[in-house]
>>> print(open('run09.txt').read())   # compact mmCIF, C-alpha atoms
# COMPACT_ATOMS: atom_id res chain seq x y z
CA MET A 1 0.00 0.00 0.00
CA ILE A 2 1.35 3.36 -1.05
CA VAL A 3 1.28 6.13 1.54
CA ASP A 4 1.29 9.75 0.36
CA HIS A 5 3.30 11.09 3.27
CA PRO A 6 4.18 14.79 2.97
CA ASP A 7 7.38 14.62 5.03
CA THR A 8 9.56 11.64 4.20
CA ALA A 9 12.19 12.54 6.81
CA ALA A 10 9.53 12.47 9.54
CA TRP A 11 8.21 9.18 8.17
CA VAL A 12 11.69 7.65 8.34
CA ALA A 13 12.25 9.02 11.85
CA GLU A 14 8.97 7.48 12.97
CA ARG A 15 9.51 4.17 11.23
CA PHE A 16 13.27 3.59 11.76
CA GLY A 17 14.20 6.15 14.39
CA TRP A 18 16.90 7.96 12.40
CA GLN A 19 16.89 11.74 12.67
CA THR A 20 17.75 13.96 9.71
CA ALA A 21 20.27 16.69 10.54
CA ASP A 22 20.95 17.94 7.01
CA PRO A 23 18.08 17.66 4.48
CA GLU A 24 20.62 17.47 1.65
CA LEU A 25 22.36 14.41 3.12
CA GLY A 26 19.34 12.93 4.85
CA PRO A 27 19.54 10.40 7.67
CA GLN A 28 22.60 8.29 8.25
CA VAL A 29 21.75 4.65 7.64
CA PRO A 30 23.47 1.61 9.17
CA ALA A 31 24.83 -0.67 6.47
CA ASP A 32 22.70 -3.64 7.49
CA GLN A 33 19.48 -1.55 7.31
CA LEU A 34 20.15 0.03 3.89
CA VAL A 35 18.23 -2.49 1.80
CA ALA A 36 15.32 -2.46 4.26
CA LEU A 37 15.06 1.34 4.02
CA ALA A 38 15.31 1.27 0.22
CA THR A 39 12.63 -1.39 -0.08
CA ALA A 40 10.32 0.52 2.25
CA LEU A 41 10.85 3.75 0.30
CA ARG A 42 10.10 2.02 -2.98
CA ASP A 43 7.13 -0.09 -1.94
CA GLU A 44 5.43 2.08 0.66
CA LEU A 45 6.22 5.64 -0.42
CA ASP A 46 6.48 5.02 -4.19
CA PHE A 47 10.05 6.31 -4.62
CA ALA A 48 10.53 4.66 -8.01
CA TYR A 49 13.30 6.70 -9.59
CA VAL A 50 17.03 6.95 -8.78
CA VAL A 51 18.45 10.47 -9.05
CA TYR A 52 22.02 9.70 -8.08
CA CYS A 53 24.37 7.63 -6.01
CA VAL A 54 27.59 9.53 -5.30
CA ALA A 55 30.56 8.50 -3.18
CA VAL A 56 33.27 10.78 -1.75
CA HIS A 57 36.55 9.58 -0.33
CA TYR A 58 37.85 11.06 2.95
CA PRO A 59 41.41 10.27 4.07
CA ALA A 60 42.25 9.27 7.62
CA GLU A 61 42.36 12.13 10.13
CA ASP A 62 44.22 12.40 13.43
CA GLU A 63 42.65 13.35 16.71
CA ILE A 64 42.18 17.14 16.92
CA GLN A 65 42.12 19.26 20.05
CA PRO A 66 40.44 22.58 19.12
CA LYS A 67 42.27 25.72 20.32
CA PHE A 68 41.05 27.46 23.46
CA LYS A 69 42.19 30.34 25.71
CA GLU A 70 43.71 29.69 29.12
CA GLY A 71 41.20 29.50 31.92
CA GLU A 72 38.39 28.48 29.62
CA GLU A 73 36.67 25.13 29.49
CA PRO A 74 38.56 23.06 26.85
CA PRO A 75 36.25 22.12 23.97
CA PRO A 76 35.71 18.41 23.37
CA VAL A 77 38.37 16.56 21.40
CA ILE A 78 37.41 15.69 17.82
CA PRO A 79 38.12 11.97 17.61
CA ALA A 80 40.40 10.41 14.99
CA LYS A 81 38.65 9.20 11.86
CA PRO A 82 39.63 6.25 9.70
CA ASP A 83 40.09 6.23 5.94
CA ARG A 84 36.50 6.11 4.72
CA CYS A 85 33.97 6.87 1.99
CA LEU A 86 30.71 8.75 2.21
CA VAL A 87 28.06 7.22 -0.05
CA THR A 88 25.05 9.44 -0.67
CA TYR A 89 21.83 8.46 -2.37
CA ARG A 90 18.91 10.48 -3.66
CA VAL A 91 15.68 9.04 -4.99
CA ARG A 92 12.60 10.68 -6.46
CA ARG A 93 8.90 10.04 -6.13
CA LEU A 94 7.17 10.47 -9.47
CA GLY A 95 3.66 11.60 -10.15
CA PRO A 96 1.72 14.45 -8.48
CA GLY A 97 3.47 16.01 -5.50
CA THR A 98 6.87 14.86 -6.75
CA THR A 99 9.61 15.07 -4.17
CA THR A 100 13.11 13.76 -3.60
CA PHE A 101 14.63 12.12 -0.58
CA GLY A 102 18.28 11.52 0.27
CA PHE A 103 20.08 9.25 2.70
CA HIS A 104 23.73 8.50 3.29
CA LEU A 105 26.11 5.89 4.57
CA TRP A 106 29.70 5.86 5.86
CA VAL A 107 31.80 2.99 4.53
CA PRO A 108 35.28 2.54 6.08
CA THR A 109 37.94 1.46 3.62
CA GLY A 110 38.10 -2.32 3.50
CA GLU A 111 34.40 -2.81 4.13
CA THR A 112 31.71 -3.19 1.50
CA CYS A 113 28.52 -1.26 0.89
CA PRO A 114 25.27 -3.17 0.23
CA SER A 115 24.15 -2.92 -3.38
CA LEU A 116 20.71 -1.51 -4.17
CA VAL A 117 20.49 -2.93 -7.69
CA ASP A 118 17.86 -5.41 -6.58
CA VAL A 119 15.69 -2.54 -5.34
CA TRP A 120 16.24 -0.02 -8.15
CA ALA A 121 17.65 -1.31 -11.42
CA GLY A 122 18.84 2.23 -12.18
CA MET A 123 21.48 1.88 -9.47
CA ASP A 124 23.44 -0.49 -11.70
CA TRP A 125 25.59 1.98 -13.62
CA GLN A 126 25.59 4.52 -10.78
CA GLU A 127 27.24 2.00 -8.49
CA ARG A 128 29.64 0.88 -11.19
CA GLU A 129 30.72 4.50 -11.63
CA GLN A 130 31.35 4.93 -7.91
CA TYR A 131 33.31 1.69 -7.82
CA ASP A 132 35.35 2.80 -10.82
CA LEU A 133 36.20 6.34 -9.70
CA VAL A 134 36.15 6.15 -5.89
CA GLY A 135 36.70 2.48 -5.22
CA VAL A 136 33.64 1.65 -3.10
CA VAL A 137 32.92 -2.08 -3.40
CA PHE A 138 29.19 -2.78 -3.61
CA ASP A 139 28.34 -6.14 -2.13
CA GLY A 140 25.80 -8.04 -4.21
CA HIS A 141 26.21 -6.04 -7.44
CA PRO A 142 25.72 -8.43 -10.37
CA ASP A 143 28.31 -6.89 -12.70
CA LEU A 144 30.81 -4.71 -10.84
CA ARG A 145 33.18 -3.70 -13.66
CA ARG A 146 34.81 -0.42 -14.59
CA ILE A 147 32.54 1.84 -16.60
CA MET A 148 34.44 5.11 -17.15
CA MET A 149 38.15 4.34 -17.15
CA SER A 150 39.86 1.87 -19.45
CA GLU A 151 39.73 -1.76 -18.49
CA ASP A 152 43.36 -2.03 -17.36
CA TRP A 153 43.38 1.19 -15.33
CA PRO A 154 45.33 1.01 -12.07
CA GLY A 155 43.69 2.53 -9.01
CA HIS A 156 40.64 4.72 -8.53
CA PRO A 157 41.32 8.29 -9.71
CA LEU A 158 38.95 10.26 -7.48
CA ARG A 159 40.49 9.00 -4.24
CA ARG A 160 42.41 11.64 -2.32
CA ASP A 161 45.57 9.56 -2.33
CA TYR A 162 45.60 9.13 -6.12
CA ALA A 163 48.58 10.81 -7.77
CA ILE A 164 47.03 12.98 -10.46
CA ASP A 165 50.15 13.00 -12.64
CA THR A 166 50.29 9.21 -12.83
CA ARG A 167 51.59 8.23 -16.22
CA HIS A 168 49.58 5.78 -18.25
CA HIS A 169 52.02 4.18 -20.65
CA PRO A 170 51.92 4.27 -23.67
CA TRP A 171 49.24 6.94 -24.07
CA ARG A 172 50.32 9.70 -21.66
CA MET B 1 40.45 31.41 -65.71
CA ALA B 2 38.67 32.43 -62.56
CA VAL B 3 40.54 35.43 -61.14
CA ASP B 4 39.12 37.61 -58.41
CA GLU B 5 39.57 41.37 -58.00
CA SER B 6 42.91 41.04 -56.23
CA GLY B 7 44.24 39.07 -59.18
CA ARG B 8 44.65 35.85 -57.25
CA ASN B 9 43.92 32.68 -59.11
CA TYR B 10 41.71 30.45 -57.04
CA THR B 11 41.47 27.51 -59.41
CA HIS B 12 43.71 24.78 -60.55
CA PRO B 13 45.85 25.53 -63.66
CA VAL B 14 44.08 22.68 -65.41
CA TYR B 15 40.91 24.77 -65.51
CA GLY B 16 42.69 27.70 -67.13
CA TYR B 17 44.19 25.49 -69.76
CA ALA B 18 40.84 23.90 -70.51
CA GLU B 19 39.09 27.23 -70.72
CA SER B 20 41.68 28.58 -73.14
CA LEU B 21 40.77 25.93 -75.66
CA PRO B 22 38.25 26.91 -78.34
CA GLY B 23 34.82 25.71 -77.30
CA ALA B 24 36.32 24.16 -74.17
CA ASP B 25 34.81 20.83 -74.99
CA LEU B 26 38.19 19.21 -75.28
CA PHE B 27 40.11 18.67 -72.10
CA LEU B 28 43.83 18.06 -72.17
CA THR B 29 45.84 17.41 -69.02
CA LYS B 30 48.41 15.13 -67.51
CA ALA B 31 46.89 11.99 -66.07
CA ASP B 32 48.62 12.58 -62.77
CA GLU B 33 47.25 16.08 -62.41
CA PHE B 34 43.80 14.82 -63.32
CA LEU B 35 43.97 12.14 -60.63
CA THR B 36 45.20 14.71 -58.12
CA TRP B 37 42.31 16.96 -59.01
CA GLY B 38 39.88 14.12 -58.44
CA LEU B 39 41.55 13.07 -55.22
CA LYS B 40 41.61 16.44 -53.54
CA ASN B 41 38.04 17.30 -54.50
CA ALA B 42 36.55 14.11 -53.13
CA LEU B 43 37.92 14.08 -49.59
CA TRP B 44 35.43 11.99 -47.68
CA VAL B 45 35.59 12.81 -44.02
CA PHE B 46 35.47 10.46 -41.06
CA PRO B 47 34.21 12.60 -38.15
CA MET B 48 36.05 11.47 -35.02
CA ALA B 49 33.93 13.95 -33.06
CA THR B 50 34.10 13.38 -29.32
CA SER B 51 33.12 16.76 -27.87
CA CYS B 52 32.08 20.32 -28.62
CA CYS B 53 34.29 20.67 -31.73
CA GLY B 54 31.96 18.09 -33.23
CA ILE B 55 29.15 20.66 -33.10
CA GLU B 56 31.25 23.08 -35.13
CA PHE B 57 32.05 20.27 -37.50
CA MET B 58 28.32 19.63 -37.94
CA ALA B 59 27.82 23.34 -38.60
CA ALA B 60 30.54 23.22 -41.23
CA ALA B 61 28.76 20.34 -42.92
CA CYS B 62 25.40 22.13 -42.92
CA SER B 63 23.98 24.54 -45.44
CA ARG B 64 25.48 27.88 -44.40
CA PHE B 65 29.07 26.68 -44.75
CA ASP B 66 28.36 23.55 -46.79
CA MET B 67 31.48 21.45 -46.79
CA ASP B 68 29.87 19.24 -49.44
CA ARG B 69 30.66 21.83 -52.09
CA ILE B 70 34.35 20.94 -51.92
CA GLY B 71 33.50 17.27 -52.11
CA SER B 72 33.82 16.51 -48.41
CA ILE B 73 31.06 14.15 -47.41
CA ALA B 74 30.96 12.83 -43.86
CA ARG B 75 30.70 9.07 -43.69
CA GLY B 76 30.17 6.93 -40.65
CA THR B 77 32.73 4.31 -41.52
CA PRO B 78 36.52 4.53 -41.68
CA ARG B 79 36.79 2.18 -44.64
CA GLN B 80 35.30 4.63 -47.15
CA CYS B 81 37.02 7.75 -45.88
CA ASP B 82 40.14 9.69 -46.79
CA VAL B 83 40.39 12.23 -43.97
CA MET B 84 39.95 11.69 -40.26
CA ILE B 85 38.95 14.86 -38.44
CA ILE B 86 39.70 14.47 -34.73
CA ALA B 87 37.30 16.99 -33.17
CA GLY B 88 37.51 16.81 -29.41
CA THR B 89 39.37 15.57 -26.36
CA ILE B 90 40.84 12.11 -26.70
CA THR B 91 41.04 10.18 -23.46
CA VAL B 92 43.29 7.28 -22.57
CA LYS B 93 40.35 4.93 -23.00
CA MET B 94 39.47 6.41 -26.40
CA ALA B 95 43.01 6.59 -27.79
CA PRO B 96 43.38 2.87 -28.71
CA ARG B 97 39.97 3.02 -30.40
CA VAL B 98 40.98 6.10 -32.40
CA LYS B 99 44.20 4.43 -33.47
CA LYS B 100 42.31 1.27 -34.40
CA LEU B 101 39.94 3.30 -36.59
CA TRP B 102 42.85 5.18 -38.11
CA ASP B 103 44.57 1.92 -38.99
CA GLN B 104 41.38 0.72 -40.70
CA MET B 105 41.32 3.65 -43.13
CA PRO B 106 42.73 2.80 -46.55
CA GLU B 107 45.71 4.65 -48.01
CA PRO B 108 46.04 7.41 -49.04
CA LYS B 109 44.71 8.99 -45.86
CA TRP B 110 45.16 12.23 -43.97
CA ALA B 111 44.32 13.52 -40.52
CA ILE B 112 43.18 16.92 -39.30
CA ALA B 113 43.49 17.77 -35.59
CA MET B 114 40.63 20.17 -34.99
CA GLY B 115 40.64 22.26 -31.84
CA SER B 116 43.12 22.72 -29.05
CA CYS B 117 42.19 19.48 -27.26
CA ALA B 118 43.12 17.34 -30.21
CA ILE B 119 46.25 19.42 -30.81
CA SER B 120 47.70 19.40 -27.31
CA GLY B 121 45.05 18.44 -24.75
CA ASP B 122 44.81 22.14 -23.89
CA PHE B 123 43.80 22.76 -20.27
CA TYR B 124 42.82 19.11 -19.84
CA ARG B 125 46.36 17.98 -20.62
CA ASP B 126 47.37 17.46 -16.98
CA ILE B 127 44.31 15.37 -16.15
CA TYR B 128 45.07 11.72 -15.53
CA SER B 129 42.82 10.46 -18.30
CA VAL B 130 43.56 12.81 -21.23
CA VAL B 131 46.04 12.19 -24.04
CA PRO B 132 48.12 15.36 -24.53
CA GLY B 133 47.56 15.69 -28.26
CA VAL B 134 46.67 13.08 -30.84
CA ASP B 135 50.06 13.45 -32.53
CA THR B 136 51.51 11.41 -29.69
CA PHE B 137 50.12 8.30 -31.37
CA MET B 138 49.09 9.11 -34.96
CA PRO B 139 50.38 11.40 -37.70
CA VAL B 140 48.57 14.70 -38.20
CA ASP B 141 48.69 16.63 -41.49
CA VAL B 142 46.84 19.83 -40.66
CA TYR B 143 46.25 21.53 -37.32
CA VAL B 144 43.18 23.74 -36.98
CA PRO B 145 43.60 25.77 -33.78
CA GLY B 146 40.68 27.21 -31.84
CA CYS B 147 38.49 26.33 -28.90
CA PRO B 148 36.42 25.42 -30.78
CA PRO B 149 37.44 26.61 -34.27
CA ASN B 150 34.82 28.33 -36.40
CA PRO B 151 33.46 26.39 -39.36
CA ASP B 152 35.40 28.90 -41.48
CA ASP B 153 38.61 27.73 -39.82
CA LEU B 154 37.79 24.11 -40.52
CA LEU B 155 37.10 24.92 -44.16
CA MET B 156 40.43 26.77 -44.27
CA GLY B 157 42.04 23.63 -42.88
CA MET B 158 40.44 21.59 -45.65
CA ARG B 159 41.80 24.06 -48.21
CA ARG B 160 45.27 23.76 -46.68
CA LEU B 161 44.98 19.99 -46.89
CA GLN B 162 43.97 20.24 -50.56
CA GLU B 163 46.99 22.43 -51.28
CA LYS B 164 49.21 20.00 -49.44
CA ILE B 165 47.86 17.05 -51.44
CA THR B 166 48.47 18.94 -54.67
CA GLN B 167 52.03 19.81 -53.74
CA VAL B 168 52.93 16.35 -52.45
CA ARG B 169 51.56 14.60 -55.54
CA ALA B 170 53.38 17.05 -57.79
CA GLY B 171 56.62 16.06 -56.11
CA THR B 172 57.16 19.28 -54.18
CA TRP B 173 58.81 19.05 -50.79
CA VAL B 174 56.28 20.14 -48.18
CA GLU B 175 57.46 21.13 -44.76
CA PRO B 176 55.70 18.94 -42.16
CA GLU B 177 53.20 21.02 -40.25
CA LEU B 178 54.09 21.57 -36.63
CA ALA B 179 51.67 21.76 -33.75
CA PRO B 180 50.83 25.39 -32.91
CA ASP B 181 53.05 26.90 -30.25
CA THR B 182 51.92 25.95 -26.76
CA ALA B 183 54.53 27.99 -24.92
CA GLY B 184 54.03 28.10 -21.19
CA PHE B 185 52.56 24.62 -21.05
CA LYS B 186 54.38 21.56 -19.85
CA ARG B 187 55.49 19.38 -22.70
CA PRO B 188 53.95 15.90 -22.66
CA GLU B 189 56.18 13.20 -21.31
CA ILE B 190 55.44 11.07 -24.35
CA GLY B 191 57.11 12.71 -27.32
CA ARG B 192 55.17 13.54 -30.45
CA LEU B 193 55.63 11.52 -33.62
CA GLY B 194 58.73 12.79 -35.39
CA ASP B 195 60.12 14.24 -32.18
CA PRO B 196 63.80 13.15 -31.94
CA ASP B 197 63.43 12.64 -28.18
CA ARG B 198 60.56 10.20 -28.61
CA ASP B 199 61.22 6.73 -27.29
CA PRO B 200 61.05 4.40 -30.33
CA ARG B 201 59.45 1.69 -28.20
CA THR B 202 56.39 3.87 -27.63
CA SER B 203 54.93 3.28 -31.08
CA GLN B 204 55.30 -0.48 -30.69
CA ASP B 205 53.70 -0.36 -27.25
CA GLN B 206 50.78 1.62 -28.64
CA LEU B 207 50.33 -0.89 -31.43
CA ASP B 208 50.44 -3.75 -28.94
CA SER B 209 47.87 -1.98 -26.80
CA VAL B 210 45.52 -1.67 -29.78
CA LEU B 211 46.02 -5.28 -30.77
CA ASN B 212 45.32 -6.37 -27.19
CA LEU B 213 41.86 -4.84 -27.24
CA GLY B 214 39.38 -7.66 -27.08
CA ILE B 215 36.52 -7.91 -29.53
CA HIS B 216 34.13 -6.37 -27.00
CA GLY B 217 36.69 -3.91 -25.69
CA GLU B 218 38.01 -5.89 -22.75
CA ALA B 219 41.73 -5.66 -22.24
CA THR B 220 43.38 -9.02 -22.67
CA ARG B 221 46.50 -7.77 -20.93
CA ALA B 222 46.99 -7.63 -17.18
CA PRO B 223 47.78 -4.14 -15.84
CA GLN B 224 51.51 -3.59 -15.45
CA ALA B 225 52.91 -2.70 -12.07
CA ASP B 226 54.90 0.29 -13.31
CA GLU B 227 52.07 1.92 -15.23
>>> encode(input="run09.txt", output="structure tokens")
Amino acid sequence: MIVDHPDTAAWVAERFGWQTADPELGPQVPADQLVALATALRDELDFAYVVYCVAVHYPAEDEIQPKFKEGEEPPPVIPAKPDRCLVTYRVRRLGPGTTTFGFHLWVPTGETCPSLVDVWAGMDWQEREQYDLVGVVFDGHPDLRRIMMSEDWPGHPLRRDYAIDTRHHPWR
Amino acid sequence: MAVDESGRNYTHPVYGYAESLPGADLFLTKADEFLTWGLKNALWVFPMATSCCGIEFMAAACSRFDMDRIGSIARGTPRQCDVMIIAGTITVKMAPRVKKLWDQMPEPKWAIAMGSCAISGDFYRDIYSVVPGVDTFMPVDVYVPGCPPNPDDLLMGMRRLQEKITQVRAGTWVEPELAPDTAGFKRPEIGRLGDPDRDPRTSQDQLDSVLNLGIHGEATRAPQADE
């Protein structure tokens, strides 16, 4: 049954308990709940169309103590962060009252992200592109090959640690 | 003989000779010049159009500029074409395909590098995926600078190519055309064809790379550690 809910973020907060801090990013989703959320969005709220799936690589960061004046209360320490990727999704509800909804996921390097191809077929090439350029491995993707770069390309060029002047013999 | 107001002769000498004959029904020429005339006025074009220069190429082929009037018809197959016009940025993934298409064109064949991306890569030249100029892997006869060039410029390039064909077939030494000056830019690490500093193994490696393309485009070669 399709529910015409005016506020998808409130619906998700009520159903799953995840609050939305930034409407652009949407709620942060645990990896094991991603497929459940996607299926609920598709079947119950009629989000039938994939707008994008975009991943961004963030390198590892050390622990940071923010500066403070003497005699003041020291601000809380920003904890160290591992090498990780942010995977953001945005889907659209078609028909009257069309609206979009986004959600995101943090994937530490070395772990895999669940594939949403079984939920939306349009995720197929989107996820292949993110695998190709950023190096996020989508678990359960039926055909995870490179789509943009040549077949024998070494590395993933949109990672922060990729050397941009890497030579590619014999063409450059 | 067709002479304009400035006195410049825009036609081949064969025309003048034919028109000087009484009645001009009889046509006398050397067979070689006649073949040259036919060759340079039937330059079928293979449009290797990968980006915005392709739009200008389409404009040049349409009615306002009308490249058909000098015999240049765009064909979608390399096997019927004489001139390859590379109009756009060539990436590392595209380069073996371009070379494969170039190798499929029958002799005699010529190439025009249209636009600054095809000439040198322009401001994309330092990007990891862009080939810094198509003359790093295939010979180029005429460079048409611009970003993108006007259709007029492309037609001028076709005229230059026609003049070059005439001179080469008449036995005249023609200075090889050099890529337009790109002073201030870093030279590509892979030398251009004809560059004395170019590693002679590069051409063989490029040929091997093209031959290693599978029938559906999969590389049959494992990525090398030092690449």
>>> interface_residues(input="run09.txt", of="chain A", to="chain B", cutoff="12 Å", atoms="only C-alpha atoms", output="PDB file with C-alpha atoms, keeping the file's coordinate frame")
ATOM      1  CA  LEU A 133      36.200   6.340  -9.700  1.00  0.00           C
ATOM      2  CA  ARG A 145      33.180  -3.700 -13.660  1.00  0.00           C
ATOM      3  CA  ARG A 146      34.810  -0.420 -14.590  1.00  0.00           C
ATOM      4  CA  ILE A 147      32.540   1.840 -16.600  1.00  0.00           C
ATOM      5  CA  MET A 148      34.440   5.110 -17.150  1.00  0.00           C
ATOM      6  CA  MET A 149      38.150   4.340 -17.150  1.00  0.00           C
ATOM      7  CA  SER A 150      39.860   1.870 -19.450  1.00  0.00           C
ATOM      8  CA  GLU A 151      39.730  -1.760 -18.490  1.00  0.00           C
ATOM      9  CA  ASP A 152      43.360  -2.030 -17.360  1.00  0.00           C
ATOM     10  CA  TRP A 153      43.380   1.190 -15.330  1.00  0.00           C
ATOM     11  CA  PRO A 154      45.330   1.010 -12.070  1.00  0.00           C
ATOM     12  CA  GLY A 155      43.690   2.530  -9.010  1.00  0.00           C
ATOM     13  CA  HIS A 156      40.640   4.720  -8.530  1.00  0.00           C
ATOM     14  CA  PRO A 157      41.320   8.290  -9.710  1.00  0.00           C
ATOM     15  CA  LEU A 158      38.950  10.260  -7.480  1.00  0.00           C
ATOM     16  CA  TYR A 162      45.600   9.130  -6.120  1.00  0.00           C
ATOM     17  CA  ALA A 163      48.580  10.810  -7.770  1.00  0.00           C
ATOM     18  CA  ILE A 164      47.030  12.980 -10.460  1.00  0.00           C
ATOM     19  CA  ASP A 165      50.150  13.000 -12.640  1.00  0.00           C
ATOM     20  CA  THR A 166      50.290   9.210 -12.830  1.00  0.00           C
ATOM     21  CA  ARG A 167      51.590   8.230 -16.220  1.00  0.00           C
ATOM     22  CA  HIS A 168      49.580   5.780 -18.250  1.00  0.00           C
ATOM     23  CA  HIS A 169      52.020   4.180 -20.650  1.00  0.00           C
ATOM     24  CA  PRO A 170      51.920   4.270 -23.670  1.00  0.00           C
ATOM     25  CA  TRP A 171      49.240   6.940 -24.070  1.00  0.00           C
ATOM     26  CA  ARG A 172      50.320   9.700 -21.660  1.00  0.00           C
TER      27      ARG A 172
END
>>> residues_around(input="run09.txt", residues="Ala111 (chain B)", least_positions_apart="6", cutoff="8 Å", atoms="all atoms listed in the file", output="MDAnalysis selection string")
chainID B and resid 83:86 139:142
>>> axis_aligned_box(input="run09.txt", around="region 33-49 of chain B", padding_each_side="4 Å", output="AutoDock Vina command-line options")
--center_x 40.6 --center_y 13.9 --center_z -48.2 --size_x 21.3 --size_y 14.8 --size_z 38.3
>>> residues_around(input="run09.txt", residues="Pro66 (chain A)", least_positions_apart="5", cutoff="8 Å", atoms="only C-alpha atoms", output="list of chain:residue names")
A:Pro74, A:Pro75, A:Pro76, A:Val77, A:Ile78
>>> residues_around(input="run09.txt", residues="region 44-53 of chain A", least_positions_apart="5", cutoff="9 Å", atoms="all atoms listed in the file", output="PyMOL selection string")
chain A and resi 1-5+8+38-39+87-94+99-101+120-123+126-127+130
>>> atom_distance(input="run09.txt", atom1="CA of Cys147 (chain B)", atom2="CA of Ala118 (chain B)")
10.2 Å
>>> residues_around(input="run09.txt", residues="Gly17 (chain A)", least_positions_apart="2", cutoff="12 Å", atoms="all atoms listed in the file", output="list of chain:residue names")
A:Ala9, A:Ala10, A:Trp11, A:Val12, A:Ala13, A:Glu14, A:Arg15, A:Gln19, A:Thr20, A:Pro27, A:Gln28, A:Val29, A:Pro30, A:Gln33, A:Leu37
>>> write_last_selection(input="run09.txt", atoms="C-alpha atoms", output="short mmCIF file (atom, residue, chain, number, x, y, z; two decimals), in the coordinates of the input")
data_model
loop_
_atom_site.label_atom_id
_atom_site.label_comp_id
_atom_site.auth_asym_id
_atom_site.auth_seq_id
_atom_site.Cartn_x
_atom_site.Cartn_y
_atom_site.Cartn_z
CA ALA A 9 12.19 12.54 6.81
CA ALA A 10 9.53 12.47 9.54
CA TRP A 11 8.21 9.18 8.17
CA VAL A 12 11.69 7.65 8.34
CA ALA A 13 12.25 9.02 11.85
CA GLU A 14 8.97 7.48 12.97
CA ARG A 15 9.51 4.17 11.23
CA GLN A 19 16.89 11.74 12.67
CA THR A 20 17.75 13.96 9.71
CA PRO A 27 19.54 10.40 7.67
CA GLN A 28 22.60 8.29 8.25
CA VAL A 29 21.75 4.65 7.64
CA PRO A 30 23.47 1.61 9.17
CA GLN A 33 19.48 -1.55 7.31
CA LEU A 37 15.06 1.34 4.02
#
>>> atom_distance(input="run09.txt", atom1="CA of Leu144 (chain A)", atom2="CA of Arg128 (chain A)")
5.7 Å
>>> closest_residue(input="run09.txt", among="B:Val174, B:Ala42, B:Met105, B:Met156", to="Asp68 (chain B)", atoms="only C-alpha atoms")
B:Ala42
>>> atom_distance(input="run09.txt", atom1="CA of Asp118 (chain A)", atom2="CA of Pro142 (chain A)")
9.2 Å
